[in-house]
$ cat upload-v2.cif   # mmCIF, C-alpha atoms
data_my_file
#
loop_
_atom_site.label_atom_id
_atom_site.label_comp_id
_atom_site.auth_asym_id
_atom_site.auth_seq_id
_atom_site.Cartn_x
_atom_site.Cartn_y
_atom_site.Cartn_z
CA MET A 1 -48.31 52.60 50.55
CA SER A 2 -46.31 55.80 50.97
CA ASP A 3 -43.20 53.80 50.16
CA LEU A 4 -44.55 52.94 46.74
CA PHE A 5 -46.24 56.25 46.00
CA PRO A 6 -44.48 59.19 47.64
CA LYS A 7 -46.48 62.29 48.48
CA TRP A 8 -45.60 64.22 45.28
CA THR A 9 -47.37 61.64 43.19
CA ASN A 10 -50.64 63.14 44.41
CA ARG A 11 -49.90 66.03 42.05
CA LEU A 12 -49.21 63.79 39.04
CA PRO A 13 -52.59 64.47 37.38
CA LEU A 14 -51.91 68.21 37.63
CA TYR A 15 -48.44 67.77 36.12
CA ALA A 16 -49.85 65.66 33.34
CA ALA A 17 -52.56 68.22 32.60
CA VAL A 18 -50.11 71.14 32.56
CA SER A 19 -47.66 69.22 30.33
CA GLY A 20 -50.49 68.24 28.04
CA VAL A 21 -51.75 71.82 27.65
CA LEU A 22 -48.23 73.10 27.04
CA ALA A 23 -47.49 70.38 24.51
CA VAL A 24 -50.70 70.85 22.52
CA THR A 25 -50.50 74.65 22.42
CA SER A 26 -46.80 74.71 21.57
CA VAL A 27 -47.11 72.11 18.81
CA THR A 28 -50.10 74.02 17.38
CA ALA A 29 -48.18 77.27 17.57
CA ALA A 30 -45.10 75.72 15.95
CA VAL A 31 -47.12 74.24 13.08
CA TRP A 32 -48.93 77.56 12.56
CA TYR A 33 -45.67 79.47 12.58
CA TYR A 34 -43.39 77.13 10.67
CA PHE A 35 -45.53 75.02 8.32
CA THR A 36 -46.17 77.81 5.86
CA PRO A 37 -44.38 79.28 2.87
CA LYS A 38 -44.03 82.46 4.94
CA TYR A 39 -41.39 80.52 6.83
CA ALA A 40 -40.32 77.87 4.33
CA ARG A 41 -39.78 80.12 1.31
CA VAL A 42 -39.46 83.73 2.40
CA GLY A 43 -35.86 84.75 2.92
CA TYR A 44 -34.36 82.24 0.49
CA GLN A 45 -31.34 83.99 -0.95
CA PRO A 46 -29.07 81.51 -2.69
CA LEU A 47 -25.55 82.32 -3.74
CA GLN A 48 -25.50 82.81 -7.51
CA PRO A 49 -22.66 81.72 -9.77
CA VAL A 50 -22.22 85.33 -10.94
CA THR A 51 -22.68 88.22 -8.51
CA PHE A 52 -25.20 90.00 -10.73
CA SER A 53 -26.83 93.01 -9.06
CA HIS A 54 -30.32 94.04 -10.12
CA ALA A 55 -29.83 97.25 -8.12
CA THR A 56 -26.93 98.25 -10.36
CA HIS A 57 -28.56 97.35 -13.65
CA ALA A 58 -32.24 98.15 -13.10
CA ASP A 59 -32.00 101.06 -10.65
CA GLN A 60 -28.66 102.76 -11.16
CA LEU A 61 -28.59 102.30 -14.94
CA GLY A 62 -32.36 102.37 -15.37
CA ILE A 63 -32.45 99.40 -17.74
CA ASP A 64 -35.96 98.12 -18.34
CA CYS A 65 -36.77 94.65 -16.98
CA ARG A 66 -37.58 93.57 -20.52
CA TYR A 67 -34.14 94.36 -21.90
CA CYS A 68 -33.06 91.03 -20.41
CA HIS A 69 -36.33 89.26 -19.56
CA ASN A 70 -37.55 89.86 -23.07
CA GLY A 71 -40.01 86.98 -23.23
CA VAL A 72 -42.09 87.95 -20.23
CA GLU A 73 -44.83 89.63 -22.28
CA LYS A 74 -45.21 86.71 -24.66
CA SER A 75 -44.52 83.63 -22.63
CA TRP A 76 -45.81 81.88 -19.53
CA PHE A 77 -42.36 82.03 -17.97
CA SER A 78 -40.06 84.97 -17.64
CA ASN A 79 -36.83 83.96 -19.29
CA VAL A 80 -33.37 84.33 -17.87
CA PRO A 81 -31.43 86.12 -20.60
CA ALA A 82 -28.87 84.36 -22.73
CA SER A 83 -25.30 85.19 -21.75
CA THR A 84 -24.95 86.92 -25.10
CA VAL A 85 -27.39 89.56 -23.83
CA CYS A 86 -24.94 90.37 -21.03
CA MET A 87 -22.22 90.63 -23.63
CA ASN A 88 -24.14 93.34 -25.51
CA CYS A 89 -22.57 95.76 -23.03
CA HIS A 90 -19.89 93.69 -21.36
CA VAL A 91 -17.87 93.28 -24.55
CA GLN A 92 -16.79 96.80 -23.60
CA VAL A 93 -17.85 97.48 -20.03
CA LEU A 94 -15.67 95.62 -17.47
CA LYS A 95 -14.50 93.45 -20.31
CA ASP A 96 -11.62 91.87 -18.40
CA ASP A 97 -13.23 91.79 -14.96
CA PRO A 98 -12.73 88.42 -13.26
CA ARG A 99 -16.29 88.58 -11.84
CA LEU A 100 -17.58 88.23 -15.39
CA ALA A 101 -15.30 85.37 -16.41
CA LEU A 102 -18.16 82.86 -16.28
CA VAL A 103 -20.40 85.08 -18.42
CA ARG A 104 -17.73 85.46 -21.09
CA GLU A 105 -17.04 81.76 -21.08
CA SER A 106 -20.75 80.93 -21.29
CA ALA A 107 -21.37 83.35 -24.15
CA GLN A 108 -18.48 81.82 -26.05
CA SER A 109 -19.17 78.14 -25.41
CA GLY A 110 -22.97 78.18 -25.31
CA ARG A 111 -23.02 76.36 -22.00
CA PRO A 112 -25.52 78.15 -19.75
CA ILE A 113 -24.56 79.84 -16.51
CA PRO A 114 -25.97 77.68 -13.69
CA TRP A 115 -28.17 80.40 -12.17
CA VAL A 116 -30.12 79.28 -9.12
CA GLN A 117 -33.87 79.79 -9.48
CA VAL A 118 -35.24 81.63 -6.46
CA HIS A 119 -38.97 81.96 -7.12
CA LYS A 120 -40.12 78.48 -7.95
CA LEU A 121 -43.81 77.61 -7.84
CA PRO A 122 -44.86 74.00 -7.32
CA ASP A 123 -45.29 72.02 -10.54
CA TYR A 124 -49.04 71.66 -9.95
CA VAL A 125 -49.48 75.42 -10.24
CA PHE A 126 -49.68 76.91 -13.72
CA PHE A 127 -48.76 80.56 -13.42
CA ASN A 128 -48.61 82.61 -16.60
CA HIS A 129 -46.36 85.67 -16.58
CA SER A 130 -47.61 87.22 -19.81
CA VAL A 131 -51.22 87.22 -18.72
CA HIS A 132 -50.35 89.07 -15.53
CA VAL A 133 -47.90 91.69 -16.81
CA ASN A 134 -50.06 92.48 -19.84
CA ARG A 135 -53.02 93.15 -17.57
CA GLY A 136 -51.45 95.55 -15.12
CA ILE A 137 -49.90 93.26 -12.52
CA SER A 138 -46.39 94.50 -11.87
CA CYS A 139 -43.31 92.36 -11.28
CA VAL A 140 -43.13 93.94 -7.85
CA ALA A 141 -46.37 92.23 -6.74
CA CYS A 142 -44.65 88.85 -6.45
CA HIS A 143 -40.92 89.57 -6.67
CA GLY A 144 -40.71 92.66 -4.47
CA GLN A 145 -38.49 95.61 -5.26
CA VAL A 146 -35.97 93.65 -7.26
CA ASN A 147 -34.54 96.93 -8.51
CA HIS A 148 -33.13 97.63 -5.04
CA GLU A 149 -31.70 94.17 -4.44
CA ASP A 150 -28.06 93.28 -4.91
CA GLU A 151 -28.85 89.61 -4.41
CA ILE A 152 -32.26 88.24 -5.27
CA ARG A 153 -34.19 87.17 -2.23
CA HIS A 154 -37.54 85.43 -1.94
CA LEU A 155 -39.62 88.23 -0.39
CA GLN A 156 -43.23 87.08 -0.79
CA PRO A 157 -44.61 83.73 0.37
CA LEU A 158 -46.19 82.93 -3.05
CA SER A 159 -48.58 80.67 -1.16
CA MET A 160 -52.07 79.85 -2.38
CA THR A 161 -53.61 82.46 -0.13
CA PHE A 162 -51.12 85.00 -1.48
CA CYS A 163 -52.48 84.37 -4.99
CA LEU A 164 -56.09 84.33 -3.84
CA ASP A 165 -55.81 87.61 -1.94
CA CYS A 166 -55.19 89.31 -5.25
CA HIS A 167 -57.54 87.15 -7.34
CA ARG A 168 -60.40 88.00 -5.02
CA GLN A 169 -59.79 91.72 -5.37
CA PRO A 170 -57.91 92.49 -8.58
CA ALA A 171 -58.92 96.16 -8.49
CA ALA A 172 -56.55 96.83 -5.60
CA ASN A 173 -53.56 95.68 -7.63
CA LEU A 174 -54.11 96.55 -11.29
CA ARG A 175 -51.74 99.26 -12.49
CA PRO A 176 -51.73 101.50 -15.52
CA PRO A 177 -49.98 99.38 -18.19
CA ASN A 178 -47.11 101.84 -18.53
CA GLN A 179 -46.21 101.47 -14.84
CA VAL A 180 -45.99 97.68 -14.75
CA TYR A 181 -42.20 97.70 -15.10
CA ASN A 182 -41.71 100.75 -12.90
CA LEU A 183 -41.16 98.98 -9.62
CA ASP A 184 -41.04 102.19 -7.59
CA TRP A 185 -44.52 103.32 -8.69
CA GLN A 186 -47.09 103.88 -5.98
CA PRO A 187 -50.76 104.73 -6.50
CA ALA A 188 -51.66 108.32 -5.61
CA SER A 189 -54.02 107.06 -2.91
CA PRO A 190 -55.81 103.81 -2.03
CA GLU A 191 -59.12 105.32 -3.20
CA LYS A 192 -57.67 106.28 -6.58
CA GLN A 193 -56.16 102.82 -6.91
CA LEU A 194 -59.54 101.20 -6.30
CA ALA A 195 -61.30 103.55 -8.72
CA ASP A 196 -58.70 103.04 -11.46
CA GLY A 197 -58.51 99.31 -10.77
CA THR A 198 -62.26 98.94 -11.10
CA ARG A 199 -62.13 100.83 -14.39
CA PHE A 200 -59.28 98.63 -15.68
CA MET A 201 -61.22 95.51 -14.71
CA LYS A 202 -64.13 96.69 -16.82
CA GLU A 203 -62.06 97.88 -19.78
CA TRP A 204 -59.79 94.86 -19.97
CA LYS A 205 -62.48 92.37 -18.93
CA VAL A 206 -60.43 91.21 -15.96
CA GLU A 207 -62.33 88.61 -14.01
CA SER A 208 -61.92 87.69 -10.40
CA LEU A 209 -60.97 84.07 -11.10
CA GLU A 210 -61.26 81.75 -8.13
CA ASN A 211 -61.91 78.41 -9.82
CA CYS A 212 -59.46 75.64 -8.96
CA THR A 213 -58.79 75.19 -12.67
CA THR A 214 -57.58 78.76 -12.98
CA CYS A 215 -54.24 77.61 -11.62
CA HIS A 216 -54.49 73.80 -11.18
CA ARG A 217 -55.05 71.53 -14.17
CA MET B 1 -43.73 71.88 38.36
CA ARG B 2 -40.56 73.94 38.09
CA TYR B 3 -38.92 71.17 36.09
CA ILE B 4 -41.81 71.00 33.64
CA PHE B 5 -41.56 74.72 32.89
CA ALA B 6 -37.78 74.55 32.72
CA VAL B 7 -37.84 71.66 30.28
CA PHE B 8 -40.55 73.41 28.23
CA ALA B 9 -38.57 76.66 28.09
CA LEU B 10 -35.48 74.74 27.05
CA LEU B 11 -37.40 73.00 24.26
CA VAL B 12 -38.80 76.30 22.96
CA VAL B 13 -35.34 77.86 22.95
CA LEU B 14 -33.96 74.79 21.21
CA VAL B 15 -36.62 74.79 18.46
CA VAL B 16 -36.36 78.54 17.86
CA SER B 17 -32.58 78.48 17.78
CA VAL B 18 -32.56 75.64 15.25
CA ALA B 19 -35.50 76.73 13.11
CA GLY B 20 -35.17 80.51 13.44
CA PHE B 21 -37.83 83.02 12.50
CA ARG B 22 -40.00 83.70 9.46
CA GLY B 23 -38.31 85.61 6.68
CA GLN B 24 -34.78 85.01 7.87
CA MET B 25 -32.13 84.91 5.18
CA SER B 26 -31.38 81.37 4.16
CA ARG B 27 -28.92 80.02 1.62
CA ARG B 28 -30.57 76.61 1.56
CA PRO B 29 -33.44 75.87 -0.83
CA PRO B 30 -36.93 75.89 0.66
CA ILE B 31 -38.21 72.76 2.34
CA GLU B 32 -40.79 70.93 0.23
CA LEU B 33 -43.08 68.61 2.13
CA PHE B 34 -44.35 66.55 -0.82
CA PRO B 35 -41.44 66.59 -3.26
CA ASP B 36 -43.05 64.13 -5.69
CA MET B 37 -46.02 66.45 -6.21
CA VAL B 38 -44.14 69.70 -6.01
CA ARG B 39 -41.41 68.63 -8.46
CA GLN B 40 -42.89 66.39 -11.11
CA PRO B 41 -40.70 64.55 -13.62
CA ARG B 42 -41.11 66.91 -16.52
CA VAL B 43 -39.01 69.42 -18.42
CA ARG B 44 -39.11 72.93 -17.09
CA PRO B 45 -38.01 75.78 -19.34
CA GLU B 46 -34.36 76.77 -19.18
CA SER B 47 -33.65 73.89 -16.84
CA TYR B 48 -31.52 70.79 -16.86
CA ALA B 49 -33.14 67.71 -18.42
CA GLU B 50 -31.23 64.47 -18.18
CA PHE B 51 -33.26 62.96 -21.03
CA PHE B 52 -31.20 64.93 -23.53
CA THR B 53 -27.52 64.19 -24.03
CA ASN B 54 -26.45 67.81 -23.64
CA GLY B 55 -28.84 68.30 -20.71
CA PHE B 56 -30.59 71.35 -22.17
CA GLY B 57 -34.29 71.41 -21.27
CA SER B 58 -34.88 74.20 -23.79
CA ARG B 59 -34.35 72.74 -27.24
CA LEU B 60 -33.19 74.24 -30.48
CA PRO B 61 -35.25 73.39 -33.58
CA VAL B 62 -34.23 70.15 -35.26
CA ALA B 63 -31.88 70.78 -38.18
CA GLY B 64 -33.76 71.31 -41.42
CA THR B 65 -37.06 72.24 -39.81
CA ILE B 66 -38.78 75.61 -39.71
CA ALA B 67 -41.12 76.72 -36.97
CA ARG B 68 -44.61 77.68 -38.12
CA ASP B 69 -44.10 81.33 -37.21
CA ALA B 70 -40.50 81.52 -38.36
CA ALA B 71 -39.50 84.29 -40.75
CA TYR B 72 -37.94 82.17 -43.48
CA GLN B 73 -39.35 83.83 -46.59
CA ASP B 74 -37.21 86.18 -48.62
CA LEU B 75 -39.38 89.22 -48.04
CA PRO B 76 -38.37 92.80 -47.26
CA LEU B 77 -40.29 92.41 -43.99
CA ASN B 78 -38.01 89.56 -42.88
CA THR B 79 -34.69 90.55 -44.35
CA GLY B 80 -34.81 94.29 -44.98
CA ARG B 81 -33.60 93.56 -48.52
CA VAL B 82 -35.14 93.73 -51.96
CA PRO B 83 -36.10 90.10 -52.70
CA GLY B 84 -33.56 88.25 -54.80
CA THR B 85 -30.87 90.89 -54.32
CA THR B 86 -28.56 92.06 -51.57
CA ASN B 87 -29.80 95.65 -51.81
CA PHE B 88 -31.47 97.10 -48.76
CA VAL B 89 -34.98 98.44 -49.11
CA GLU B 90 -35.27 102.18 -48.90
CA LEU B 91 -38.62 102.27 -47.10
CA SER B 92 -40.07 100.13 -44.33
CA PRO B 93 -42.56 97.50 -45.57
CA VAL B 94 -44.72 98.14 -42.50
CA PRO B 95 -47.22 100.95 -42.99
CA MET B 96 -46.66 103.87 -40.64
CA THR B 97 -49.42 104.30 -38.08
CA ALA B 98 -49.74 105.98 -34.71
CA GLU B 99 -49.82 102.55 -33.04
CA LEU B 100 -46.60 101.54 -34.78
CA LEU B 101 -44.89 104.71 -33.53
CA ALA B 102 -46.13 104.15 -29.98
CA ARG B 103 -44.93 100.56 -30.09
CA GLY B 104 -41.62 101.72 -31.51
CA ARG B 105 -41.18 104.24 -28.74
CA ASP B 106 -41.92 101.56 -26.17
CA ARG B 107 -39.46 99.07 -27.69
CA PHE B 108 -36.82 101.73 -28.31
CA GLN B 109 -36.89 102.64 -24.65
CA ILE B 110 -36.45 99.01 -23.63
CA SER B 111 -33.69 97.89 -25.96
CA CYS B 112 -31.96 100.95 -27.42
CA LEU B 113 -32.13 103.62 -24.74
CA PRO B 114 -29.36 102.26 -22.46
CA CYS B 115 -26.73 103.05 -25.10
CA HIS B 116 -28.25 105.34 -27.71
CA GLY B 117 -30.06 107.50 -25.15
CA ALA B 118 -33.67 108.69 -25.03
CA LEU B 119 -32.95 111.20 -27.82
CA ALA B 120 -31.03 108.65 -29.91
CA ASP B 121 -28.03 110.97 -29.77
CA GLY B 122 -25.65 108.23 -28.65
CA LYS B 123 -25.40 109.58 -25.12
CA GLY B 124 -27.03 106.75 -23.20
CA ILE B 125 -26.08 105.97 -19.62
CA THR B 126 -23.67 103.20 -20.64
CA THR B 127 -21.32 105.82 -22.09
CA LYS B 128 -20.47 106.69 -18.48
CA TYR B 129 -19.38 103.13 -17.83
CA GLY B 130 -16.96 102.51 -20.62
CA MET B 131 -19.07 102.02 -23.73
CA THR B 132 -17.38 103.79 -26.59
CA VAL B 133 -18.29 104.59 -30.18
CA ILE B 134 -22.04 104.58 -29.81
CA ALA B 135 -23.66 105.84 -32.98
CA ASN B 136 -25.48 109.14 -32.84
CA LEU B 137 -28.62 108.27 -34.79
CA HIS B 138 -28.91 111.88 -35.95
CA ASP B 139 -25.71 111.61 -38.00
CA ALA B 140 -26.35 112.43 -41.65
CA ARG B 141 -25.02 108.96 -42.50
CA ILE B 142 -27.82 107.29 -40.54
CA VAL B 143 -30.52 109.80 -41.47
CA GLN B 144 -29.79 109.00 -45.11
CA MET B 145 -29.47 105.26 -44.56
CA GLY B 146 -32.28 103.13 -45.95
CA ASP B 147 -34.75 101.57 -43.54
CA GLY B 148 -33.62 98.12 -44.66
CA GLU B 149 -30.02 98.77 -43.67
CA ILE B 150 -31.07 99.93 -40.21
CA PHE B 151 -33.17 96.78 -39.94
CA ASN B 152 -30.08 94.77 -40.82
CA THR B 153 -28.03 96.59 -38.17
CA ILE B 154 -30.62 95.96 -35.46
CA THR B 155 -30.84 92.30 -36.46
CA TYR B 156 -27.16 91.45 -36.84
CA GLY B 157 -25.37 94.33 -35.14
CA LYS B 158 -22.54 96.38 -36.52
CA ASN B 159 -18.98 97.03 -35.35
CA LEU B 160 -19.17 96.80 -31.55
CA MET B 161 -22.96 96.70 -31.40
CA GLN B 162 -24.22 93.15 -30.99
CA GLY B 163 -27.21 91.86 -32.95
CA TYR B 164 -30.66 92.17 -31.42
CA GLY B 165 -32.37 89.76 -33.79
CA ALA B 166 -32.97 87.23 -31.05
CA ASN B 167 -34.39 89.79 -28.63
CA ILE B 168 -36.60 92.07 -30.70
CA ALA B 169 -39.41 90.64 -32.85
CA ILE B 170 -39.40 91.54 -36.53
CA ARG B 171 -42.40 93.89 -36.40
CA ASP B 172 -40.95 95.56 -33.33
CA ARG B 173 -37.72 96.21 -35.22
CA TRP B 174 -39.67 98.03 -37.92
CA ALA B 175 -41.58 99.89 -35.21
CA ILE B 176 -38.30 101.01 -33.67
CA ILE B 177 -37.11 102.22 -37.08
CA ALA B 178 -40.33 104.22 -37.45
CA TYR B 179 -39.76 105.81 -34.04
CA VAL B 180 -36.11 106.56 -34.81
CA ARG B 181 -37.25 108.32 -38.00
CA ALA B 182 -39.63 110.40 -35.88
CA LEU B 183 -36.77 111.28 -33.51
CA GLN B 184 -34.56 112.25 -36.45
CA LEU B 185 -37.32 114.44 -37.83
CA SER B 186 -37.67 116.11 -34.44
CA GLN B 187 -34.02 117.21 -34.63
CA LEU B 188 -34.12 118.23 -38.28
CA GLY B 189 -37.40 120.10 -38.17
CA ALA B 190 -37.68 123.83 -38.68
CA ARG B 191 -39.91 126.26 -36.86
CA ASP B 192 -42.25 126.35 -39.82
CA ASP B 193 -42.96 122.62 -39.53
CA VAL B 194 -44.85 123.20 -36.28
CA PRO B 195 -48.55 123.96 -36.72
CA PRO B 196 -49.12 127.71 -36.17
CA ALA B 197 -51.39 127.09 -33.21
CA GLN B 198 -48.59 125.35 -31.30
CA ARG B 199 -45.70 127.60 -32.29
CA ALA B 200 -46.20 129.81 -29.28
CA ALA B 201 -45.34 126.88 -27.00
CA LEU B 202 -41.84 126.69 -28.52
CA ARG B 203 -39.02 128.46 -26.81
#

$ encode --input "upload-v2.cif" --output "structure tokens"
Amino acid sequence: MSDLFPKWTNRLPLYAAVSGVLAVTSVTAAVWYYFTPKYARVGYQPLQPVTFSHATHADQLGIDCRYCHNGVEKSWFSNVPASTVCMNCHVQVLKDDPRLALVRESAQSGRPIPWVQVHKLPDYVFFNHSVHVNRGISCVACHGQVNHEDEIRHLQPLSMTFCLDCHRQPAANLRPPNQVYNLDWQPASPEKQLADGTRFMKEWKVESLENCTTCHR
Amino acid sequence: MRYIFAVFALLVVLVVSVAGFRGQMSRRPPIELFPDMVRQPRVRPESYAEFFTNGFGSRLPVAGTIARDAAYQDLPLNTGRVPGTTNFVELSPVPMTAELLARGRDRFQISCLPCHGALADGKGITTKYGMTVIANLHDARIVQMGDGEIFNTITYGKNLMQGYGANIAIRDRWAIIAYVRALQLSQLGARDDVPPAQRAALR
């Protein structure tokens, strides 16, 4: 029989077991590591048609988020500004710069600049910007420190657990309303944040909403 | 056994080198596992919609229609003019309250501050980057200007200033005017205007 089954075949069951264990653990590990928005979405940094820098405009110049995203307090989505808003300043500032050629053309023709949307929730999630920013949730909570970014990058996973972490404990994230658009603001201490947050929850009647229908309809 | 580990190590290296790590910069759009659920066939705001000939998902009102909340009436509130004439109203139609001033301050700092500056003296940060001829709102010309004319300037712009009618709601424009009046008063005030109790705090 040793011609048919050489001696090493005695160890076949061991090999099979080891391969099996390795395969199962590595596939589990790979799914855990890769099949999540932390991998799929975070780090997305598309090239934009115009090299607009939030760092220059929001940080260096100190322009309020709402100068351009002027619908964010009233609307469920935060609008990309019309090209004419850019032209408020750029009729004079860098008025012949080739980097702004597309903006000038768009403002003149009315054809929108094909900006690439970075933060894009699934269509079965109904997120409302106005409700969040008007109740002390800052832009920075989901978008990160946009005011220090030259190119917008997807920094938070925006997964369901990301939303629920905050919905389960709003007090840890509610800010004074006048600091919502100050992306560099930090609470004085975690204790003060919790105390203030609890007070805001009471005053503004903020509920810890965890029903499916809060976001899915 | 050696071969099993070698093959396994090779596979791990292969997967990691192709797929990379969490949070790595990527120019490609995120992978969506169930595209038909994640991207449903509906119009998203400010997005392309092939249903319409010009492809604009965000629509303009149909010609000849007026939105329910549109400011179409010929009222001083909407136009800044005396109804039936082209004369600007002298005084704001919105009653002055502390809330209006606070709102005006808030809106002024969003939309006006970059050019006109926090003091409305025309020395905003954009002057350092090539903006010229920014009005100093403390000029006698503007102090004496009627509220309605300022409303008109905010709405439609003037000279090199572009109109802000599309960006600032009507009531917010009046709130900004109220706040600008307060700023003007702050520059024109005399020592005697300050209540005696607070005069000591002045330098």

$ resolve_selection --input "upload-v2.cif" --expression "the PyMOL selection byres ((chain B) within 9 of (chain A))" --output "PyMOL selection string"
chain B and resi 1+4-5+8+12+15+19+21-32+37-40+42+45-46+56+109-115+125-126+129-132+160-164+167-168

$ residues_around --input "upload-v2.cif" --residues "Glu151 in chain A" --least-positions-apart "2" --cutoff "8 Å" --atoms "all atoms listed in the file" --output "list of chain:residue names"
A:Gln45, A:Thr51, A:Phe52, A:Ser53, A:His54, A:Glu149, A:Arg153

$ closest_residue --input "upload-v2.cif" --among "B:Ala67, B:Val94, B:Ala135, B:Leu33" --to "Ala178 in chain B" --atoms "only C-alpha atoms"
B:Val94

$ closest_residue --input "upload-v2.cif" --among "A:Ala141, A:Ala188, A:Ala107, A:Cys215" --to "Pro170 in chain A" --atoms "all atoms listed in the file"
A:Ala141

$ atom_distance --input "upload-v2.cif" --atom1 "CA of Gly104 in chain B" --atom2 "CA of Arg173 in chain B"
7.7 Å

$ residues_around --input "upload-v2.cif" --residues "Val131 in chain A" --least-positions-apart "3" --cutoff "10 Å" --atoms "all atoms listed in the file" --output "PyMOL selection string"
chain A and resi 72-76+127-128+134-137

$ atom_distance --input "upload-v2.cif" --atom1 "CA of Ile152 in chain A" --atom2 "CA of Ser138 in chain A"
16.8 Å

$ resolve_selection --input "upload-v2.cif" --expression "the PyMOL selection byres ((chain B and resi 180) around 9)" --output "PyMOL selection string"
chain B and resi 104-105+108+119-120+137+175-179+181-185

$ write_last_selection --input "upload-v2.cif" --atoms "C-alpha atoms" --output "PDB file, in the frame of the given file"
ATOM      1  CA  GLY B 104     -41.620 101.720 -31.510  1.00  0.00           C
ATOM      2  CA  ARG B 105     -41.180 104.240 -28.740  1.00  0.00           C
ATOM      3  CA  PHE B 108     -36.820 101.730 -28.310  1.00  0.00           C
ATOM      4  CA  LEU B 119     -32.950 111.200 -27.820  1.00  0.00           C
ATOM      5  CA  ALA B 120     -31.030 108.650 -29.910  1.00  0.00           C
ATOM      6  CA  LEU B 137     -28.620 108.270 -34.790  1.00  0.00           C
ATOM      7  CA  ALA B 175     -41.580  99.890 -35.210  1.00  0.00           C
ATOM      8  CA  ILE B 176     -38.300 101.010 -33.670  1.00  0.00           C
ATOM      9  CA  ILE B 177     -37.110 102.220 -37.080  1.00  0.00           C
ATOM     10  CA  ALA B 178     -40.330 104.220 -37.450  1.00  0.00           C
ATOM     11  CA  TYR B 179     -39.760 105.810 -34.040  1.00  0.00           C
ATOM     12  CA  ARG B 181     -37.250 108.320 -38.000  1.00  0.00           C
ATOM     13  CA  ALA B 182     -39.630 110.400 -35.880  1.00  0.00           C
ATOM     14  CA  LEU B 183     -36.770 111.280 -33.510  1.00  0.00           C
ATOM     15  CA  GLN B 184     -34.560 112.250 -36.450  1.00  0.00           C
ATOM     16  CA  LEU B 185     -37.320 114.440 -37.830  1.00  0.00           C
TER      17      LEU B 185
END

$ atom_distance --input "upload-v2.cif" --atom1 "CA of Thr161 in chain A" --atom2 "CA of Phe200 in chain A"
23.1 Å

$ build_atoms --input "upload-v2.cif" --residues "range 177-189 of chain A" --atoms "N, CA and C atoms" --output "PDB file, in the coordinates of the input"
ATOM      1  N   PRO A 177     -50.926 100.271 -17.495  1.00  0.00           N
ATOM      2  CA  PRO A 177     -49.980  99.380 -18.190  1.00  0.00           C
ATOM      3  C   PRO A 177     -48.576  99.956 -18.318  1.00  0.00           C
ATOM      4  N   ASN A 178     -48.456 101.287 -18.362  1.00  0.00           N
ATOM      5  CA  ASN A 178     -47.110 101.840 -18.530  1.00  0.00           C
ATOM      6  C   ASN A 178     -46.332 101.922 -17.217  1.00  0.00           C
ATOM      7  N   GLN A 179     -46.926 101.468 -16.120  1.00  0.00           N
ATOM      8  CA  GLN A 179     -46.210 101.470 -14.840  1.00  0.00           C
ATOM      9  C   GLN A 179     -45.892 100.058 -14.350  1.00  0.00           C
ATOM     10  N   VAL A 180     -46.190  99.067 -15.190  1.00  0.00           N
ATOM     11  CA  VAL A 180     -45.990  97.680 -14.750  1.00  0.00           C
ATOM     12  C   VAL A 180     -44.519  97.401 -14.457  1.00  0.00           C
ATOM     13  N   TYR A 181     -43.635  97.980 -15.271  1.00  0.00           N
ATOM     14  CA  TYR A 181     -42.200  97.700 -15.100  1.00  0.00           C
ATOM     15  C   TYR A 181     -41.497  98.791 -14.310  1.00  0.00           C
ATOM     16  N   ASN A 182     -42.271  99.728 -13.772  1.00  0.00           N
ATOM     17  CA  ASN A 182     -41.710 100.750 -12.900  1.00  0.00           C
ATOM     18  C   ASN A 182     -41.950 100.303 -11.464  1.00  0.00           C
ATOM     19  N   LEU A 183     -40.943  99.638 -10.900  1.00  0.00           N
ATOM     20  CA  LEU A 183     -41.160  98.980  -9.620  1.00  0.00           C
ATOM     21  C   LEU A 183     -41.275  99.949  -8.454  1.00  0.00           C
ATOM     22  N   ASP A 184     -40.938 101.208  -8.678  1.00  0.00           N
ATOM     23  CA  ASP A 184     -41.040 102.190  -7.590  1.00  0.00           C
ATOM     24  C   ASP A 184     -42.382 102.903  -7.590  1.00  0.00           C
ATOM     25  N   TRP A 185     -43.245 102.602  -8.566  1.00  0.00           N
ATOM     26  CA  TRP A 185     -44.520 103.320  -8.690  1.00  0.00           C
ATOM     27  C   TRP A 185     -45.439 103.008  -7.512  1.00  0.00           C
ATOM     28  N   GLN A 186     -46.092 104.046  -7.033  1.00  0.00           N
ATOM     29  CA  GLN A 186     -47.090 103.880  -5.980  1.00  0.00           C
ATOM     30  C   GLN A 186     -48.365 104.577  -6.451  1.00  0.00           C
ATOM     31  N   PRO A 187     -49.538 104.009  -6.146  1.00  0.00           N
ATOM     32  CA  PRO A 187     -50.760 104.730  -6.500  1.00  0.00           C
ATOM     33  C   PRO A 187     -50.872 106.018  -5.687  1.00  0.00           C
ATOM     34  N   ALA A 188     -51.551 107.023  -6.282  1.00  0.00           N
ATOM     35  CA  ALA A 188     -51.660 108.320  -5.610  1.00  0.00           C
ATOM     36  C   ALA A 188     -52.335 108.161  -4.250  1.00  0.00           C
ATOM     37  N   SER A 189     -53.349 107.325  -4.186  1.00  0.00           N
ATOM     38  CA  SER A 189     -54.020 107.060  -2.910  1.00  0.00           C
ATOM     39  C   SER A 189     -54.764 105.739  -3.041  1.00  0.00           C
TER      40      SER A 189
END
